[in-house]
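Printed here is protein_11.cif (mmCIF, C-alpha atoms):
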data_run
#
loop_
_atom_site.label_atom_id
_atom_site.label_comp_id
_atom_site.auth_asym_id
_atom_site.auth_seq_id
_atom_site.Cartn_x
_atom_site.Cartn_y
_atom_site.Cartn_z
CA MET A 1 105.13 87.82 113.20
CA ALA A 2 106.01 84.15 113.00
CA SER A 3 109.38 83.39 111.46
CA ASP A 4 109.83 81.26 108.36
CA ALA A 5 111.08 78.50 110.68
CA HIS A 6 107.45 77.92 111.67
CA TYR A 7 106.55 77.59 107.98
CA PRO A 8 109.32 75.63 106.23
CA LYS A 9 109.66 76.02 102.50
CA LEU A 10 107.64 73.44 100.55
CA LYS A 11 109.75 72.36 97.58
CA ASN A 12 106.70 71.00 95.77
CA GLN A 13 104.25 73.65 96.93
CA PRO A 14 100.80 73.56 95.31
CA LEU A 15 100.73 77.33 94.74
CA SER A 16 99.29 78.22 91.34
CA LEU A 17 98.86 82.01 91.50
CA VAL A 18 99.53 84.96 93.82
CA LEU A 19 98.20 88.43 93.24
CA ALA A 20 98.30 91.75 95.03
CA GLU A 21 95.62 94.32 94.29
CA PHE A 22 95.80 98.07 94.92
CA ARG A 23 92.69 100.17 94.37
CA PHE A 24 93.07 103.93 94.33
CA SER A 25 91.07 107.07 93.59
CA GLU A 26 90.12 107.24 89.92
CA ILE A 27 92.59 108.78 87.49
CA ALA A 28 90.52 109.80 84.47
CA LYS A 29 93.63 110.55 82.41
CA ILE A 30 95.50 107.35 83.34
CA SER A 31 96.16 106.70 79.63
CA ASP A 32 98.41 109.78 79.59
CA TYR A 33 100.71 108.16 82.14
CA ILE A 34 100.83 104.64 80.73
CA PRO A 35 103.65 105.29 78.21
CA GLU A 36 106.00 106.51 80.95
CA ILE A 37 105.02 103.67 83.30
CA GLN A 38 105.61 101.16 80.52
CA GLU A 39 108.95 102.69 79.60
CA ARG A 40 110.17 102.43 83.20
CA LEU A 41 109.07 98.82 83.56
CA ARG A 42 109.45 97.37 80.06
CA LYS A 43 112.82 95.64 80.64
CA GLN A 44 111.26 93.44 83.33
CA TYR A 45 107.82 93.26 81.70
CA PRO A 46 108.39 93.54 77.94
CA ASP A 47 105.07 92.09 76.69
CA PHE A 48 102.82 95.17 76.64
CA LYS A 49 99.18 95.16 75.54
CA LYS A 50 96.13 97.38 75.71
CA LYS A 51 92.69 95.81 75.82
CA LEU A 52 89.05 96.44 76.61
CA ARG A 53 87.07 94.62 79.26
CA HIS A 54 83.30 94.59 78.92
CA THR A 55 81.03 94.40 81.93
CA ILE A 56 78.35 91.75 81.51
CA GLN A 57 75.22 90.83 83.39
CA LEU A 58 72.52 88.19 83.18
CA ASN A 59 68.88 88.90 82.44
CA GLU A 60 65.94 86.96 80.99
CA SER A 61 67.43 87.24 77.51
CA GLY A 62 70.77 85.81 78.56
CA ILE A 63 74.14 87.53 78.85
CA VAL A 64 74.23 91.17 77.79
CA ALA A 65 76.76 93.97 78.01
CA ALA A 66 76.22 96.35 80.90
CA GLY A 67 77.55 99.85 80.34
CA GLY A 68 80.75 100.78 78.54
CA ALA A 69 84.02 98.92 78.27
CA ALA A 70 86.91 99.58 80.63
CA THR A 71 90.37 100.11 79.15
CA LEU A 72 93.25 98.33 80.80
CA TRP A 73 96.91 97.69 80.11
CA THR A 74 98.97 94.60 80.82
CA MET A 75 102.73 94.23 81.08
CA VAL A 76 104.04 90.68 81.32
CA GLY A 77 107.51 89.29 81.91
CA ALA A 78 109.33 86.72 79.80
CA GLY A 79 107.94 83.26 80.42
CA ARG A 80 104.56 84.74 81.36
CA GLN A 81 105.06 84.00 85.06
CA LYS A 82 104.71 87.54 86.36
CA GLY A 83 102.93 90.67 85.26
CA ILE A 84 100.97 93.84 85.94
CA GLN A 85 97.47 94.93 85.02
CA ILE A 86 96.58 98.62 85.29
CA GLU A 87 93.31 100.46 84.86
CA SER A 88 92.03 103.88 85.92
CA GLY A 89 91.52 102.95 89.56
CA ARG A 90 93.32 99.67 90.11
CA LEU A 91 96.70 97.96 89.75
CA ILE A 92 97.15 94.20 90.07
CA TYR A 93 100.54 92.55 90.39
CA PHE A 94 100.42 88.80 89.75
CA CYS A 95 102.82 85.89 89.53
CA SER A 96 102.81 82.11 89.24
CA ALA A 97 106.52 81.67 90.10
CA TYR A 98 106.49 82.48 93.82
CA ASP A 99 109.27 81.70 96.26
CA ARG A 100 108.96 83.69 99.50
CA PHE A 101 106.86 86.71 100.39
CA PRO A 102 109.69 89.27 100.81
CA GLY A 103 110.73 88.81 97.18
CA PHE A 104 107.14 89.06 95.99
CA GLN A 105 106.57 92.17 98.10
CA ALA A 106 109.74 93.80 96.75
CA LYS A 107 108.61 93.26 93.14
CA CYS A 108 105.18 94.71 93.98
CA MET A 109 106.74 97.78 95.52
CA GLU A 110 108.99 98.41 92.52
CA VAL A 111 105.83 98.70 90.44
CA ILE A 112 103.91 100.73 93.03
CA ARG A 113 106.72 103.26 93.35
CA VAL A 114 106.71 103.77 89.58
CA LEU A 115 102.92 104.26 89.65
CA ILE A 116 103.23 106.83 92.44
CA GLU A 117 106.13 108.71 90.84
CA VAL A 118 104.50 108.88 87.41
CA ALA A 119 100.72 109.09 88.03
CA ALA A 120 100.56 110.20 91.70
CA PRO A 121 97.27 108.52 92.73
CA GLY A 122 95.60 110.56 95.45
CA LEU A 123 94.01 108.00 97.77
CA LEU A 124 94.52 104.34 98.51
CA HIS A 125 91.19 102.56 99.02
CA ARG A 126 92.05 98.89 99.07
CA VAL A 127 95.00 96.51 99.32
CA GLY A 128 94.40 92.83 98.74
CA LEU A 129 96.65 89.78 98.85
CA ARG A 130 95.34 86.57 97.34
CA TYR A 131 96.83 83.08 97.15
CA ASN A 132 95.46 80.26 95.01
CA ASP A 133 96.69 76.68 95.40
CA LEU A 134 95.95 73.74 93.13
CA VAL A 135 95.85 70.48 95.06
CA LEU A 136 95.85 67.42 92.81
CA ALA A 137 94.60 64.32 94.52
CA ALA A 138 96.61 61.12 94.53
CA GLY A 139 94.03 58.73 93.12
CA ASN A 140 90.71 59.74 94.65
CA ASP A 141 92.03 60.58 98.10
CA VAL A 142 91.53 64.34 98.13
CA ASN A 143 90.56 64.37 101.82
CA ALA A 144 94.11 63.45 102.78
CA TYR A 145 95.15 67.00 101.93
CA LEU A 146 92.48 69.01 103.77
CA ASN A 147 91.43 69.17 107.37
CA PRO A 148 87.97 67.62 108.00
CA SER A 149 86.09 70.92 108.20
CA TRP A 150 86.74 71.39 104.47
CA HIS A 151 85.62 67.92 103.33
CA MET A 152 82.56 67.32 101.22
CA PRO A 153 79.68 66.19 103.50
CA ALA A 154 79.93 62.42 103.85
CA ALA A 155 76.20 61.97 103.33
CA MET A 156 76.48 63.52 99.86
CA ALA A 157 79.76 61.84 98.96
CA LYS A 158 78.17 58.43 99.59
CA LEU A 159 75.52 59.15 96.94
CA GLY A 160 78.00 59.24 94.08
CA ASP A 161 81.28 60.47 92.66
CA PRO A 162 82.00 64.03 93.92
CA GLN A 163 81.61 66.52 91.08
CA LEU A 164 81.70 69.95 92.70
CA TYR A 165 81.75 71.24 96.26
CA ARG A 166 82.34 74.86 97.31
CA THR A 167 83.06 76.34 100.72
CA GLU A 168 83.66 79.88 101.92
CA THR A 169 84.55 81.11 105.38
CA VAL A 170 84.99 84.84 106.06
CA VAL A 171 86.56 86.28 109.21
CA ASN A 172 87.53 89.74 110.41
CA THR A 173 91.23 89.94 111.23
CA ALA A 174 93.28 92.61 112.94
CA VAL A 175 94.11 93.95 109.49
CA GLY A 176 90.96 93.51 107.42
CA VAL A 177 88.85 90.67 106.06
CA LEU A 178 90.08 87.17 105.24
CA ALA A 179 88.03 84.88 103.02
CA ALA A 180 89.08 81.23 102.71
CA ARG A 181 87.43 79.30 99.88
CA THR A 182 87.68 75.82 98.41
CA LEU A 183 86.50 74.41 95.10
CA THR A 184 86.58 70.61 95.20
CA GLY A 185 85.57 68.11 92.56
CA ARG A 186 86.22 67.03 89.00
CA HIS A 187 87.04 70.20 87.10
CA SER A 188 89.86 71.73 85.08
CA TYR A 189 90.35 74.89 87.17
CA SER A 190 93.83 75.78 88.39
CA ILE A 191 92.65 79.07 89.92
CA MET A 192 89.27 80.37 91.06
CA PRO A 193 86.77 81.15 88.26
CA ASP A 194 86.41 84.82 89.25
CA ILE A 195 90.17 85.31 88.84
CA LEU A 196 89.96 83.74 85.39
CA GLN A 197 87.45 86.46 84.49
CA LEU A 198 90.15 89.08 85.07
CA GLY A 199 91.87 87.75 81.94
CA LEU A 200 95.35 87.88 83.43
CA PRO A 201 97.86 86.87 80.71
CA ILE A 202 99.88 84.42 82.75
CA THR A 203 100.99 80.80 82.58
CA VAL A 204 99.61 78.85 85.55
CA SER A 205 100.88 75.42 86.52
CA GLY A 206 98.55 72.42 86.57
CA ASP A 207 96.92 70.16 84.03
CA ASN A 208 93.63 70.83 82.25
CA ASN A 209 92.08 67.40 82.62
CA PRO A 210 88.40 68.02 83.43
CA ASP A 211 88.09 64.55 84.96
CA ARG A 212 90.83 64.93 87.56
CA LEU A 213 89.85 65.20 91.21
CA SER A 214 91.36 68.36 92.63
CA VAL A 215 90.89 71.24 95.03
CA VAL A 216 91.52 74.92 94.41
CA LEU A 217 92.30 76.69 97.68
CA ASP A 218 91.76 80.45 97.75
CA PHE A 219 93.00 82.70 100.56
CA ASP A 220 91.85 86.27 99.96
CA HIS A 221 92.92 88.80 102.61
CA PHE A 222 92.16 92.48 102.09
CA TRP A 223 92.08 95.86 103.78
CA GLU A 224 89.80 98.58 102.46
CA SER A 225 88.64 102.08 103.32
CA GLU A 226 85.78 103.89 101.62
CA SER A 227 87.22 107.30 102.51
CA GLY A 228 90.75 106.22 101.64
CA VAL A 229 94.19 107.15 102.96
CA GLU A 230 97.09 108.89 101.28
CA PHE A 231 98.59 106.62 98.63
CA ALA A 232 102.16 106.50 99.85
CA ALA A 233 104.66 103.73 99.16
CA ASP A 234 105.25 102.99 102.85
CA GLN A 235 101.51 102.74 103.50
CA ALA A 236 101.06 100.29 100.62
CA LYS A 237 104.09 98.21 101.67
CA ASP A 238 103.12 98.02 105.34
CA THR A 239 99.53 97.09 104.57
CA LEU A 240 100.57 94.37 102.12
CA GLY A 241 103.01 93.01 104.68
CA ALA A 242 100.36 92.92 107.41
CA LEU A 243 98.02 90.95 105.13
CA HIS A 244 100.56 88.21 104.52
CA GLU A 245 100.85 86.49 107.89
CA PRO A 246 97.14 85.61 108.42
CA ALA A 247 96.85 84.42 104.81
CA ARG A 248 99.86 82.13 105.23
CA GLU A 249 98.57 80.83 108.55
CA ALA A 250 95.20 80.06 106.95
CA PHE A 251 96.89 77.80 104.40
CA TRP A 252 98.78 75.90 107.11
CA LYS A 253 95.62 75.46 109.18
CA THR A 254 93.56 74.31 106.19
CA THR A 255 95.96 71.64 104.93
CA THR A 256 97.00 68.48 106.76
CA GLU A 257 100.43 67.53 108.05
CA GLU A 258 100.37 64.60 105.65
CA ALA A 259 99.83 67.00 102.74
CA LYS A 260 102.75 69.17 103.78
CA LYS A 261 104.99 66.10 104.04
CA ARG A 262 104.05 65.22 100.46
CA TRP A 263 104.88 68.75 99.30
CA SER A 264 108.15 69.01 101.23
#
Target format structure tokens, applied to this file:
Amino acid sequence: MASDAHYPKLKNQPLSLVLAEFRFSEIAKISDYIPEIQERLRKQYPDFKKKLRHTIQLNESGIVAAGGAATLWTMVGAGRQKGIQIESGRLIYFCSAYDRFPGFQAKCMEVIRVLIEVAAPGLLHRVGLRYNDLVLAAGNDVNAYLNPSWHMPAAMAKLGDPQLYRTETVVNTAVGVLAARTLTGRHSYSIMPDILQLGLPITVSGDNNPDRLSVVLDFDHFWESESGVEFAADQAKDTLGALHEPAREAFWKTTTEEAKKRWS
């Protein structure tokens, strides 16, 4: 593993959101365990809410509900910069105030250990680590921040003012699958639209000017197993740790040296 010396701390880092996802074998009675989980975590995450999330789909008539609603619970810290979302087969830990990975990992594991001790999930099916960065262009020079392979095609850019350009590259790593995505153009997103659909109750940095030229960078690295493995704390911690290095390296390879000087 590369040391932090290879990746110096960026004082003005563009990071907008980090989340870790743990999917486990379904617990039909998860609601029975939520009060104890909340009690054990409420001092750090006092804002507690229960809500329903409806599955939707598109058909010829427009948007319609598809099936029943899923119940989930959120616990959010003061300042709305960190929190937890739990449902019957998934836990997401998320934060917008991120310093270094070891601290983030430690906070994740505090929550995971409570989940294991209280609800005892049987199998771990997926661990995901996802970083979103909001890159605000200085003037209209967004290309100064990204390496050329991520630029909007010049032939299209010459036709008019760039409005929206998406890229996605997916690779198999030694740990799992890493997807690197960009969303470039004039939009008000600070994080990827599919993350917004999760409804995470968190304050994310960035302005909401729909006319600003910006890029959302998304590095989504995950391990998954259909058959699953025993959901043990060490397994979850080690897998999350193994996902970190390639995701961090992807950010450094995607952004330019000039960009990192500006963020230093």
Which of these, A:Ser227, A:Gln163, A:Thr173, A:Ser190, has the shortest distance to Gly122 of chain A once you count all atoms listed in the file?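 That would be A:Ser227, the residue with the smallest distance to Gly122 of chain A.
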Report, as AutoDock Vina command-line options, the centre and edge lengths in Å (one decimal) of the axis-aligned box enclosing every listed atom of segment 183-197 of chain A, padded by 6 Å on each side.
--center_x 89.7 --center_y 76.7 --center_z 89.8 --size_x 20.3 --size_y 31.4 --size_z 22.7
Enumerate, as a ChimeraX atom specification, the residues matched when the PyMOL selection byres ((chain A and resi 95) around 9) is run on the file above. /A:16-19,80-84,93-94,96-98,104,202-204
Please evaluate the PyMOL selection byres ((chain A and resi 37-44) around 12) against the structure above and give the resulting residues as a PyMOL selection string. chain A and resi 30-36+45-50+73-86+91+107-108+110-120
Residues within 10 Å of Asp161 of chain A, all atoms listed in the file, excluding chain neighbours under 5 positions, as a VMD selection string: chain A and resid 140 156 185 to 186 213
